[in-house]
>>> print(open('query.txt').read())   # compact mmCIF, C-alpha atoms
# COMPACT_ATOMS: atom_id res chain seq x y z
CA MET A 19 0.00 0.00 0.00
CA LYS A 20 1.54 3.30 -1.09
CA ASN A 21 -0.39 5.36 1.46
CA HIS A 22 -0.08 3.72 4.86
CA ARG A 23 -1.79 6.49 6.81
CA VAL A 24 -4.90 5.76 8.83
CA LEU A 25 -7.16 8.21 10.64
CA VAL A 26 -8.47 6.72 13.88
CA GLY A 27 -11.68 8.02 15.41
CA MET A 28 -10.78 8.55 19.09
CA SER A 29 -13.57 9.15 21.59
CA GLY A 30 -11.46 9.06 24.74
CA GLY A 31 -12.61 5.54 25.61
CA VAL A 32 -10.57 2.38 25.92
CA ASP A 33 -11.83 0.81 22.69
CA SER A 34 -10.83 3.59 20.30
CA SER A 35 -7.56 4.06 22.20
CA VAL A 36 -6.61 0.41 21.74
CA CYS A 37 -7.68 0.65 18.11
CA ALA A 38 -5.02 3.34 17.61
CA LEU A 39 -2.47 1.29 19.58
CA LEU A 40 -3.01 -1.86 17.52
CA LEU A 41 -2.77 -0.09 14.18
CA GLN A 42 0.40 1.66 15.27
CA ARG A 43 1.89 -1.70 16.22
CA GLN A 44 0.88 -3.07 12.82
CA GLY A 45 3.02 -0.42 11.16
CA TRP A 46 0.35 2.09 10.16
CA GLU A 47 1.11 5.82 10.26
CA VAL A 48 -1.65 6.69 12.71
CA GLN A 49 -3.39 10.01 13.21
CA GLY A 50 -6.11 10.55 15.81
CA LEU A 51 -9.31 12.49 15.32
CA MET A 52 -12.14 13.21 17.71
CA LEU A 53 -15.48 14.09 16.16
CA GLU A 54 -17.21 16.61 18.38
CA LEU A 55 -20.85 15.74 17.82
CA CYS A 56 -22.64 17.22 20.81
CA SER A 57 -21.86 19.35 23.84
CA GLY A 58 -20.42 17.94 27.04
CA GLY A 59 -17.54 15.96 25.56
CA ALA A 60 -14.62 17.98 26.95
CA GLY A 61 -13.51 15.22 29.33
CA SER A 62 -13.44 12.65 26.55
CA ALA A 63 -11.44 15.02 24.35
CA ALA A 64 -8.88 15.40 27.13
CA ASP A 65 -8.56 11.62 27.47
CA ALA A 66 -8.26 11.14 23.71
CA ARG A 67 -5.59 13.83 23.46
CA ALA A 68 -3.65 12.30 26.36
CA VAL A 69 -3.69 8.87 24.70
CA ALA A 70 -2.54 10.37 21.39
CA GLU A 71 0.33 12.16 23.15
CA HIS A 72 1.28 8.92 24.91
CA LEU A 73 1.37 7.09 21.58
CA GLY A 74 3.19 9.96 19.90
CA ILE A 75 0.61 10.46 17.15
CA PRO A 76 -0.97 13.65 15.78
CA PHE A 77 -4.40 14.46 17.19
CA SER A 78 -7.10 16.94 16.21
CA VAL A 79 -10.73 17.69 17.03
CA HIS A 80 -13.27 18.09 14.24
CA ASP A 81 -16.48 20.04 14.86
CA GLY A 82 -19.27 17.87 13.50
CA ARG A 83 -22.05 19.35 15.63
CA ALA A 84 -23.96 21.01 12.80
CA ALA A 85 -24.16 17.81 10.75
CA PHE A 86 -25.00 15.76 13.83
CA SER A 87 -27.82 18.12 14.80
CA ALA A 88 -29.27 18.16 11.30
CA GLN A 89 -28.81 14.50 10.42
CA VAL A 90 -29.23 12.66 13.73
CA MET A 91 -30.92 14.76 16.37
CA ALA A 92 -33.52 16.12 13.94
CA ASP A 93 -34.17 12.64 12.55
CA PHE A 94 -34.59 11.31 16.11
CA ALA A 95 -37.20 13.96 16.88
CA GLU A 96 -39.01 13.53 13.57
CA SER A 97 -39.17 9.75 14.00
CA TYR A 98 -40.85 10.10 17.39
CA ARG A 99 -43.18 12.74 15.96
CA ALA A 100 -44.24 10.18 13.34
CA GLY A 101 -44.93 7.50 15.96
CA ARG A 102 -41.74 5.51 15.45
CA THR A 103 -38.99 4.44 17.86
CA PRO A 104 -35.63 5.30 16.23
CA ASN A 105 -32.08 4.05 16.76
CA PRO A 106 -29.90 7.17 16.39
CA CYS A 107 -26.57 5.30 16.42
CA ILE A 108 -27.47 3.55 13.15
CA VAL A 109 -28.32 6.86 11.51
CA CYS A 110 -25.18 8.52 12.87
CA ASN A 111 -22.75 5.87 11.68
CA ARG A 112 -23.54 6.22 7.99
CA ARG A 113 -24.66 9.84 7.71
CA VAL A 114 -22.24 11.52 10.10
CA LYS A 115 -19.51 9.49 11.79
CA PHE A 116 -18.12 7.56 8.82
CA ALA A 117 -18.97 10.28 6.29
CA GLN A 118 -17.19 12.99 8.27
CA MET A 119 -14.21 10.79 9.10
CA LEU A 120 -13.69 9.96 5.43
CA SER A 121 -13.90 13.63 4.54
CA ALA A 122 -11.34 14.45 7.23
CA ALA A 123 -9.13 11.57 6.06
CA ASP A 124 -9.09 13.01 2.55
CA ALA A 125 -8.12 16.43 3.90
CA LEU A 126 -5.31 14.91 6.00
CA GLY A 127 -4.03 12.59 3.28
CA CYS A 128 -5.07 9.33 4.97
CA ALA A 129 -6.01 6.35 2.83
CA GLN A 130 -8.04 4.62 5.54
CA ILE A 131 -10.11 5.35 8.61
CA ALA A 132 -10.48 3.16 11.69
CA THR A 133 -12.93 2.87 14.56
CA GLY A 134 -13.10 0.93 17.81
CA HIS A 135 -16.23 -0.99 16.79
CA TYR A 136 -16.56 -4.70 17.55
CA ALA A 137 -17.01 -5.85 13.98
CA ARG A 138 -14.86 -6.89 11.01
CA VAL A 139 -14.51 -5.78 7.41
CA GLU A 140 -13.28 -8.24 4.80
CA PHE A 141 -13.03 -8.13 1.02
CA ASP A 142 -14.62 -11.07 -0.82
CA GLY A 143 -12.87 -11.42 -4.16
CA ALA A 144 -15.45 -13.85 -5.53
CA ARG A 145 -18.28 -11.38 -4.94
CA GLY A 146 -16.17 -8.33 -5.59
CA ARG A 147 -17.63 -6.74 -2.44
CA TYR A 148 -16.54 -5.64 0.98
CA LEU A 149 -18.32 -7.64 3.67
CA LEU A 150 -19.30 -6.62 7.17
CA LYS A 151 -18.91 -9.42 9.71
CA LYS A 152 -19.62 -9.90 13.38
CA GLY A 153 -16.87 -9.19 15.86
CA LYS A 154 -15.26 -12.24 17.44
CA ASN A 155 -16.46 -10.98 20.83
CA LEU A 156 -20.10 -11.91 20.24
CA GLN A 157 -21.23 -10.33 23.51
CA LYS A 158 -20.01 -6.94 22.27
CA ASP A 159 -20.67 -7.41 18.54
CA GLN A 160 -21.76 -4.11 16.95
CA SER A 161 -22.44 -5.23 13.39
CA TYR A 162 -26.16 -4.53 13.92
CA VAL A 163 -25.60 -0.76 14.22
CA LEU A 164 -23.25 -0.73 11.21
CA TYR A 165 -25.50 -2.43 8.66
CA ARG A 166 -26.24 0.79 6.75
CA LEU A 167 -22.60 1.43 5.80
CA THR A 168 -21.92 1.67 2.08
CA GLN A 169 -19.38 -0.20 -0.02
CA ALA A 170 -17.39 3.02 -0.37
CA GLN A 171 -17.29 3.43 3.42
CA LEU A 172 -16.40 -0.21 4.12
CA ALA A 173 -13.64 -0.18 1.49
CA ARG A 174 -11.68 2.37 3.50
CA THR A 175 -12.42 1.18 7.04
CA GLN A 176 -10.34 -0.76 9.55
CA MET A 177 -11.90 -2.32 12.68
CA PRO A 178 -9.05 -4.14 14.47
CA LEU A 179 -11.03 -4.77 17.68
CA GLY A 180 -13.27 -7.14 15.74
CA GLU A 181 -10.49 -9.72 15.91
CA ILE A 182 -10.30 -9.66 19.73
CA ASP A 183 -12.65 -11.99 21.58
CA SER A 184 -12.94 -10.33 25.01
CA LYS A 185 -13.15 -6.89 26.59
CA ASP A 186 -10.72 -8.02 29.29
CA ALA A 187 -8.11 -8.59 26.59
CA ILE A 188 -8.62 -5.05 25.30
CA ARG A 189 -8.27 -3.56 28.77
CA ALA A 190 -5.15 -5.66 29.33
CA LEU A 191 -3.62 -4.28 26.11
CA ALA A 192 -4.39 -0.74 27.25
CA ALA A 193 -2.91 -1.33 30.71
CA GLU A 194 0.22 -2.99 29.30
CA ALA A 195 0.75 0.03 27.04
CA GLY A 196 0.28 2.43 29.95
CA LEU A 197 -2.87 4.07 28.57
CA ARG A 198 -4.72 6.11 31.20
CA VAL A 199 -8.11 4.92 29.93
CA ALA A 200 -7.47 1.22 30.55
CA GLN A 201 -10.19 0.93 33.19
CA LYS A 202 -12.51 3.66 31.95
CA LYS A 203 -16.17 2.63 32.02
CA ASP A 204 -18.07 2.11 28.79
CA SER A 205 -20.62 4.71 27.74
CA GLN A 206 -24.17 3.33 27.76
CA ASP A 207 -26.47 6.28 27.07
CA ILE A 208 -27.52 8.06 23.90
CA CYS A 209 -24.70 10.62 23.65
CA PHE A 210 -27.01 13.62 23.22
CA ILE A 211 -29.36 12.51 26.04
CA PRO A 212 -26.90 11.64 28.84
CA ASP A 213 -29.59 11.80 31.53
CA GLY A 214 -31.79 9.33 29.63
CA ASP A 215 -34.80 11.69 29.62
CA TYR A 216 -35.59 11.50 25.93
CA VAL A 217 -39.08 12.98 26.39
CA ALA A 218 -37.55 16.20 27.78
CA PHE A 219 -35.17 16.25 24.81
CA LEU A 220 -38.08 15.89 22.40
CA ARG A 221 -39.87 18.80 24.06
CA ARG A 222 -36.76 20.95 23.58
CA GLN A 223 -36.79 19.91 19.91
CA GLY A 224 -40.34 21.19 19.55
CA VAL A 225 -42.07 17.80 19.45
CA ALA A 226 -45.59 18.26 20.76
CA LEU A 227 -46.84 15.79 23.35
CA THR A 228 -50.48 15.70 22.34
CA PRO A 229 -52.68 13.64 24.68
CA GLY A 230 -54.94 11.06 23.09
CA ASP A 231 -56.74 7.80 23.72
CA PHE A 232 -55.52 4.43 24.82
CA VAL A 233 -57.68 1.96 22.91
CA ASP A 234 -58.00 -1.79 22.74
CA GLU A 235 -57.75 -3.74 19.48
CA ALA A 236 -61.47 -3.24 18.85
CA GLY A 237 -61.09 0.53 19.19
CA ARG A 238 -62.73 0.85 22.62
CA VAL A 239 -61.31 3.70 24.69
CA LEU A 240 -59.44 2.50 27.79
CA GLY A 241 -58.01 5.79 29.04
CA ARG A 242 -55.88 8.77 28.06
CA HIS A 243 -52.22 8.80 27.12
CA ARG A 244 -49.72 11.67 27.54
CA GLY A 245 -48.50 11.76 23.94
CA LEU A 246 -47.20 9.12 21.51
CA PRO A 247 -43.46 9.78 22.16
CA CYS A 248 -43.91 8.70 25.78
CA TYR A 249 -44.54 5.06 24.78
CA THR A 250 -42.94 2.27 22.79
CA THR A 251 -44.08 -1.13 21.57
CA GLY A 252 -43.88 -3.75 24.31
CA GLN A 253 -44.12 -1.26 27.18
CA ARG A 254 -46.12 -2.29 30.23
CA LYS A 255 -45.08 0.09 33.02
CA GLY A 256 -46.31 3.63 33.36
CA LEU A 257 -49.51 3.26 31.34
CA GLY A 258 -51.87 4.24 34.15
CA VAL A 259 -54.70 2.12 32.80
CA GLY A 260 -56.56 -0.16 35.20
CA GLY A 261 -59.59 -2.38 35.25
CA SER A 262 -58.29 -5.05 32.88
CA ALA A 263 -58.49 -8.74 33.67
CA TYR A 264 -54.91 -9.18 32.34
CA PRO A 265 -51.75 -7.03 32.11
CA LEU A 266 -51.85 -4.54 29.25
CA TYR A 267 -48.96 -3.82 26.91
CA VAL A 268 -48.41 -1.28 24.15
CA LEU A 269 -49.08 -3.20 20.93
CA ARG A 270 -48.55 -0.30 18.54
CA LYS A 271 -48.93 3.46 18.08
CA ASP A 272 -51.05 5.10 15.39
CA ALA A 273 -49.84 8.60 14.50
CA LYS A 274 -52.79 9.24 12.19
CA THR A 275 -55.37 8.82 14.95
CA ASN A 276 -53.04 9.72 17.84
CA THR A 277 -53.97 6.51 19.62
CA VAL A 278 -51.97 3.91 21.51
CA VAL A 279 -53.31 0.38 21.08
CA LEU A 280 -53.12 -1.83 24.18
CA GLY A 281 -53.60 -5.56 24.56
CA PRO A 282 -52.31 -8.78 26.15
CA GLU A 283 -48.67 -9.76 25.84
CA GLU A 284 -49.40 -12.68 23.52
CA HIS A 285 -50.63 -10.19 20.91
CA LEU A 286 -47.17 -8.60 20.81
CA TYR A 287 -45.90 -11.55 18.78
CA SER A 288 -45.89 -11.44 15.01
CA GLY A 289 -44.51 -13.78 12.37
CA ARG A 290 -44.21 -11.16 9.62
CA THR A 291 -43.05 -7.62 9.05
CA VAL A 292 -42.14 -5.32 6.17
CA ILE A 293 -38.98 -3.23 5.99
CA GLU A 294 -38.14 -0.19 3.86
CA GLN A 295 -35.09 1.74 2.64
CA CYS A 296 -33.10 -1.49 2.57
CA ASN A 297 -29.31 -1.40 2.49
CA TRP A 298 -27.60 -4.55 1.21
CA ILE A 299 -23.93 -5.27 1.85
CA ALA A 300 -23.28 -8.87 0.79
CA PHE A 301 -24.90 -8.29 -2.63
CA GLU A 302 -26.02 -5.37 -4.78
CA ASP A 303 -29.75 -5.96 -4.31
CA LEU A 304 -32.15 -8.60 -3.03
CA ALA A 305 -33.27 -10.37 -6.20
CA GLU A 306 -34.98 -13.45 -4.72
CA PRO A 307 -36.05 -14.84 -1.33
CA VAL A 308 -33.13 -15.55 1.02
CA ARG A 309 -32.99 -17.77 4.08
CA CYS A 310 -31.11 -16.14 6.94
CA THR A 311 -31.24 -15.20 10.59
CA ALA A 312 -32.53 -11.82 11.68
CA LYS A 313 -32.28 -9.41 14.61
CA THR A 314 -34.93 -6.75 15.13
CA ARG A 315 -33.21 -5.11 18.11
CA TYR A 316 -29.55 -4.68 19.00
CA SER A 317 -29.63 -6.99 22.02
CA GLN A 318 -32.01 -9.56 20.55
CA THR A 319 -31.13 -13.19 19.77
CA GLU A 320 -31.16 -13.95 16.05
CA ALA A 321 -34.21 -15.72 14.67
CA ALA A 322 -34.53 -17.83 11.51
CA ALA A 323 -36.40 -16.03 8.73
CA THR A 324 -36.99 -15.70 5.00
CA VAL A 325 -36.53 -12.27 3.41
CA SER A 326 -38.23 -11.61 0.06
CA PRO A 327 -37.96 -8.55 -2.19
CA LEU A 328 -40.84 -6.10 -2.60
CA PRO A 329 -41.08 -3.13 -4.97
CA GLY A 330 -39.71 0.26 -3.99
CA GLY A 331 -36.69 -0.82 -1.96
CA ARG A 332 -38.82 -2.75 0.53
CA ALA A 333 -38.75 -6.38 1.63
CA GLU A 334 -41.00 -8.83 3.45
CA VAL A 335 -39.64 -10.72 6.45
CA VAL A 336 -41.35 -13.96 7.49
CA PHE A 337 -40.05 -15.53 10.70
CA ASP A 338 -40.06 -19.25 11.43
CA THR A 339 -41.42 -18.44 14.89
CA PRO A 340 -43.33 -15.27 15.89
CA GLN A 341 -41.19 -12.45 17.29
CA ARG A 342 -42.02 -10.14 20.19
CA ALA A 343 -42.58 -6.40 19.85
CA LEU A 344 -41.60 -5.70 16.25
CA THR A 345 -41.28 -1.92 16.47
CA ALA A 346 -41.71 0.66 13.71
CA GLY A 347 -38.51 2.67 13.31
CA GLN A 348 -36.20 -0.05 14.58
CA SER A 349 -34.06 -2.11 12.17
CA ALA A 350 -34.28 -5.68 10.98
CA VAL A 351 -30.73 -6.85 10.20
CA PHE A 352 -30.01 -10.13 8.41
CA TYR A 353 -27.13 -12.56 8.78
CA ASP A 354 -25.66 -15.54 7.00
CA GLY A 355 -23.54 -16.99 9.77
CA ASP A 356 -21.23 -14.16 10.83
CA THR A 357 -21.77 -12.15 7.63
CA VAL A 358 -24.20 -9.22 7.54
CA LEU A 359 -26.39 -9.47 4.46
CA GLY A 360 -28.06 -6.09 5.03
CA GLY A 361 -31.26 -4.77 6.55
CA GLY A 362 -33.88 -2.04 6.64
CA TRP A 363 -36.24 0.01 8.78
CA ILE A 364 -39.28 -1.79 10.20
CA CYS A 365 -42.53 -0.29 8.90
CA ALA A 366 -45.62 0.37 10.99
CA GLN A 367 -48.30 -2.30 10.55
CA GLU A 368 -50.64 0.13 8.83
CA GLU A 369 -47.95 0.70 6.16
CA TYR A 370 -47.69 -2.96 5.12
>>> encode(input="query.txt", output="structure tokens")
Amino acid sequence: MKNHRVLVGMSGGVDSSVCALLLQRQGWEVQGLMLELCSGGAGSAADARAVAEHLGIPFSVHDGRAAFSAQVMADFAESYRAGRTPNPCIVCNRRVKFAQMLSAADALGCAQIATGHYARVEFDGARGRYLLKKGKNLQKDQSYVLYRLTQAQLARTQMPLGEIDSKDAIRALAAEAGLRVAQKKDSQDICFIPDGDYVAFLRRQGVALTPGDFVDEAGRVLGRHRGLPCYTTGQRKGLGVGGSAYPLYVLRKDAKTNTVVLGPEEHLYSGRTVIEQCNWIAFEDLAEPVRCTAKTRYSQTEAAATVSPLPGGRAEVVFDTPQRALTAGQSAVFYDGDTVLGGGWICAQEEY
């Protein structure tokens, strides 16, 4: 490779720090970059800069807040406004994080970018495509949130942590190298909602919380809700509806009628869904039905399914066994073993 420079996205955590360490040890000319996406990240920037200084690599901070606000935070608010439950990390990875890192890499003369994700990128010569694969640490695997990456993005991406099978091993590498972040705790929250109060965030974004009716599946009014964004499919707690002979769960939300449909838990299970805006990685497009396994939430166990093409960039997913709480706005991601085939956004039932 003529250009052996790689731009590593450094967040100030142990994973991205070890990513930079490993690539440096592999002989890459490493540069560090922190994408500033939202306020409150000064401490992480200090940690990332300290690690870069320890490794003796250049480090810079790129202001990506405008793009993040427009592409991720606005999409998050609009999705809730439309009655969906979004996953902002999936949107961010393709639209902002990888896009901005590649732009910065071009400006800095770096051929590749790298992140501390638990996943792998491999080139399949027979297919002529870059493949996204699960990380060897299956408990930490992040391939689900990366399924919307493009071939152009994957072609220039390194993910060395995907080859390591335990978090303890990563922390041990950091400690052995004297990195100050070796025992730093992992971040768990949505980065722009650190207190976890997403309803307050939505209010600040101008999303109206319009009260409406809780109804059963026959349309009978059961009570009043506080606004669609306050609820998600599968929710049981905090409904404030009594008088039922069995526990009530949120089955779905209907933005057109501003109603929340409640029912028994067994009615949360469905054997079929439709997805839209599909992104395929292992092949150019879905031309015929494919047998695979599928995840409809990040932490969910994969389930056997058949995915069939539909017009307009949509696909039908039929599961071998019914799945719980298929939620509009979440993603269905498909696998062939450890290879990500692709995926798409789950549609609301009324859009099937």
>>> closest_residue(input="query.txt", among="A:Ser87, A:Gln176, A:Gln49, A:Ser317", to="A:Ala132", atoms="all atoms listed in the file")
A:Gln176
>>> atom_distance(input="query.txt", atom1="atom CA of A:Phe352", atom2="atom CA of A:Lys115")
22.5 Å
>>> closest_residue(input="query.txt", among="A:Ile182, A:Val233, A:Ile208, A:Ala195", to="A:Val278", atoms="only C-alpha atoms")
A:Val233
>>> closest_residue(input="query.txt", among="A:Cys248, A:Ala173, A:Ile211, A:Cys56", to="A:Ala226", atoms="only C-alpha atoms")
A:Cys248
>>> residues_around(input="query.txt", residues="stretch 296-299 of chain A", least_positions_apart="5", cutoff="8 Å", atoms="all atoms listed in the file", output="JSON, numbers by chain")
{"A": [147, 148, 149, 150, 165, 166, 167, 168, 169, 304, 331, 332, 333, 358, 359, 360, 361, 362, 363]}
>>> closest_residue(input="query.txt", among="A:Tyr353, A:Phe337, A:Phe219, A:Tyr287", to="A:Thr251", atoms="only C-alpha atoms")
A:Tyr287
>>> atom_distance(input="query.txt", atom1="atom CA of A:Met52", atom2="atom CA of A:Val79")
4.7 Å
>>> atom_distance(input="query.txt", atom1="atom CA of A:Glu369", atom2="atom CA of A:Val292")
8.4 Å
>>> residues_around(input="query.txt", residues="A:Val90", least_positions_apart="2", cutoff="9 Å", atoms="all atoms listed in the file", output="list of chain:residue names")
A:Ala85, A:Phe86, A:Ser87, A:Ala88, A:Ala92, A:Asp93, A:Phe94, A:Ala95, A:Pro106, A:Cys107, A:Val109, A:Cys110, A:Arg113, A:Val114
>>> closest_residue(input="query.txt", among="A:Ala350, A:Ala343, A:Ala64, A:Leu156", to="A:Glu181", atoms="all atoms listed in the file")
A:Leu156
>>> residues_around(input="query.txt", residues="A:Leu73", least_positions_apart="6", cutoff="9 Å", atoms="only C-alpha atoms", output="list of chain:residue names")
A:Ala38, A:Leu39, A:Gln42, A:Ala195, A:Leu197
>>> closest_atom_pairs(input="query.txt", of="stretch 169-261 of chain A", to="stretch 137-146 of chain A", cutoff="7 Å", atoms="only C-alpha atoms", output="Markdown table")
| residue | atom | partner | partner_atom | distance |
| --- | --- | --- | --- | --- |
| A:Leu172 | CA | A:Val139 | CA | 6.7 |
| A:Gln176 | CA | A:Val139 | CA | 6.9 |
| A:Met177 | CA | A:Arg138 | CA | 5.7 |
| A:Gly180 | CA | A:Ala137 | CA | 4.3 |
>>> decode(input="query.txt", residues="stretch 252-279 of chain A", atoms="N, CA and C atoms", output="PDB file, in the first residue's frame")
ATOM      1  N   GLY A 252     -44.324  -2.813  23.287  1.00  0.00           N
ATOM      2  CA  GLY A 252     -43.877  -3.750  24.311  1.00  0.00           C
ATOM      3  C   GLY A 252     -43.895  -3.190  25.713  1.00  0.00           C
ATOM      4  N   GLN A 253     -44.130  -1.892  25.855  1.00  0.00           N
ATOM      5  CA  GLN A 253     -44.119  -1.256  27.178  1.00  0.00           C
ATOM      6  C   GLN A 253     -45.314  -1.702  28.010  1.00  0.00           C
ATOM      7  N   ARG A 254     -45.051  -1.935  29.297  1.00  0.00           N
ATOM      8  CA  ARG A 254     -46.123  -2.287  30.227  1.00  0.00           C
ATOM      9  C   ARG A 254     -46.239  -1.264  31.360  1.00  0.00           C
ATOM     10  N   LYS A 255     -45.073  -0.819  31.877  1.00  0.00           N
ATOM     11  CA  LYS A 255     -45.083   0.086  33.023  1.00  0.00           C
ATOM     12  C   LYS A 255     -45.453   1.509  32.602  1.00  0.00           C
ATOM     13  N   GLY A 256     -46.049   2.215  33.546  1.00  0.00           N
ATOM     14  CA  GLY A 256     -46.312   3.633  33.362  1.00  0.00           C
ATOM     15  C   GLY A 256     -47.494   3.957  32.470  1.00  0.00           C
ATOM     16  N   LEU A 257     -48.369   2.996  32.211  1.00  0.00           N
ATOM     17  CA  LEU A 257     -49.514   3.259  31.344  1.00  0.00           C
ATOM     18  C   LEU A 257     -50.663   3.940  32.095  1.00  0.00           C
ATOM     19  N   GLY A 258     -50.817   3.606  33.360  1.00  0.00           N
ATOM     20  CA  GLY A 258     -51.865   4.236  34.154  1.00  0.00           C
ATOM     21  C   GLY A 258     -53.267   3.826  33.764  1.00  0.00           C
ATOM     22  N   VAL A 259     -53.388   2.624  33.202  1.00  0.00           N
ATOM     23  CA  VAL A 259     -54.700   2.116  32.800  1.00  0.00           C
ATOM     24  C   VAL A 259     -55.021   0.893  33.655  1.00  0.00           C
ATOM     25  N   GLY A 260     -56.162   0.948  34.348  1.00  0.00           N
ATOM     26  CA  GLY A 260     -56.557  -0.158  35.201  1.00  0.00           C
ATOM     27  C   GLY A 260     -57.838  -0.813  34.726  1.00  0.00           C
ATOM     28  N   GLY A 261     -58.308  -1.759  35.518  1.00  0.00           N
ATOM     29  CA  GLY A 261     -59.593  -2.378  35.248  1.00  0.00           C
ATOM     30  C   GLY A 261     -59.561  -3.530  34.270  1.00  0.00           C
ATOM     31  N   SER A 262     -58.375  -3.935  33.822  1.00  0.00           N
ATOM     32  CA  SER A 262     -58.292  -5.047  32.882  1.00  0.00           C
ATOM     33  C   SER A 262     -58.104  -6.360  33.628  1.00  0.00           C
ATOM     34  N   ALA A 263     -58.621  -7.422  33.048  1.00  0.00           N
ATOM     35  CA  ALA A 263     -58.489  -8.744  33.668  1.00  0.00           C
ATOM     36  C   ALA A 263     -57.092  -9.326  33.453  1.00  0.00           C
ATOM     37  N   TYR A 264     -56.267  -8.681  32.616  1.00  0.00           N
ATOM     38  CA  TYR A 264     -54.913  -9.179  32.337  1.00  0.00           C
ATOM     39  C   TYR A 264     -53.993  -7.966  32.138  1.00  0.00           C
ATOM     40  N   PRO A 265     -52.684  -8.149  32.308  1.00  0.00           N
ATOM     41  CA  PRO A 265     -51.753  -7.028  32.111  1.00  0.00           C
ATOM     42  C   PRO A 265     -51.835  -6.504  30.686  1.00  0.00           C
ATOM     43  N   LEU A 266     -51.779  -5.188  30.555  1.00  0.00           N
ATOM     44  CA  LEU A 266     -51.848  -4.541  29.248  1.00  0.00           C
ATOM     45  C   LEU A 266     -50.465  -4.084  28.800  1.00  0.00           C
ATOM     46  N   TYR A 267     -50.218  -4.237  27.512  1.00  0.00           N
ATOM     47  CA  TYR A 267     -48.956  -3.818  26.906  1.00  0.00           C
ATOM     48  C   TYR A 267     -49.258  -2.924  25.707  1.00  0.00           C
ATOM     49  N   VAL A 268     -48.294  -2.072  25.367  1.00  0.00           N
ATOM     50  CA  VAL A 268     -48.414  -1.282  24.145  1.00  0.00           C
ATOM     51  C   VAL A 268     -48.174  -2.206  22.954  1.00  0.00           C
ATOM     52  N   LEU A 269     -49.203  -2.372  22.124  1.00  0.00           N
ATOM     53  CA  LEU A 269     -49.079  -3.205  20.933  1.00  0.00           C
ATOM     54  C   LEU A 269     -48.557  -2.406  19.745  1.00  0.00           C
ATOM     55  N   ARG A 270     -49.015  -1.164  19.627  1.00  0.00           N
ATOM     56  CA  ARG A 270     -48.551  -0.296  18.544  1.00  0.00           C
ATOM     57  C   ARG A 270     -49.064   1.120  18.795  1.00  0.00           C
ATOM     58  N   LYS A 271     -48.497   2.062  18.030  1.00  0.00           N
ATOM     59  CA  LYS A 271     -48.930   3.456  18.081  1.00  0.00           C
ATOM     60  C   LYS A 271     -49.431   3.858  16.704  1.00  0.00           C
ATOM     61  N   ASP A 272     -50.486   4.646  16.656  1.00  0.00           N
ATOM     62  CA  ASP A 272     -51.046   5.098  15.392  1.00  0.00           C
ATOM     63  C   ASP A 272     -50.991   6.624  15.353  1.00  0.00           C
ATOM     64  N   ALA A 273     -50.032   7.151  14.567  1.00  0.00           N
ATOM     65  CA  ALA A 273     -49.840   8.601  14.504  1.00  0.00           C
ATOM     66  C   ALA A 273     -51.019   9.295  13.831  1.00  0.00           C
ATOM     67  N   LYS A 274     -51.683   8.605  12.913  1.00  0.00           N
ATOM     68  CA  LYS A 274     -52.793   9.243  12.189  1.00  0.00           C
ATOM     69  C   LYS A 274     -53.961   9.536  13.105  1.00  0.00           C
ATOM     70  N   THR A 275     -54.243   8.640  14.034  1.00  0.00           N
ATOM     71  CA  THR A 275     -55.372   8.824  14.947  1.00  0.00           C
ATOM     72  C   THR A 275     -54.928   9.261  16.346  1.00  0.00           C
ATOM     73  N   ASN A 276     -53.603   9.358  16.536  1.00  0.00           N
ATOM     74  CA  ASN A 276     -53.041   9.720  17.840  1.00  0.00           C
ATOM     75  C   ASN A 276     -53.537   8.793  18.943  1.00  0.00           C
ATOM     76  N   THR A 277     -53.552   7.505  18.635  1.00  0.00           N
ATOM     77  CA  THR A 277     -53.972   6.514  19.624  1.00  0.00           C
ATOM     78  C   THR A 277     -52.841   5.534  19.909  1.00  0.00           C
ATOM     79  N   VAL A 278     -52.886   4.976  21.103  1.00  0.00           N
ATOM     80  CA  VAL A 278     -51.969   3.912  21.508  1.00  0.00           C
ATOM     81  C   VAL A 278     -52.807   2.664  21.743  1.00  0.00           C
ATOM     82  N   VAL A 279     -52.520   1.606  21.000  1.00  0.00           N
ATOM     83  CA  VAL A 279     -53.309   0.380  21.083  1.00  0.00           C
ATOM     84  C   VAL A 279     -52.710  -0.534  22.145  1.00  0.00           C
TER      85      VAL A 279
END
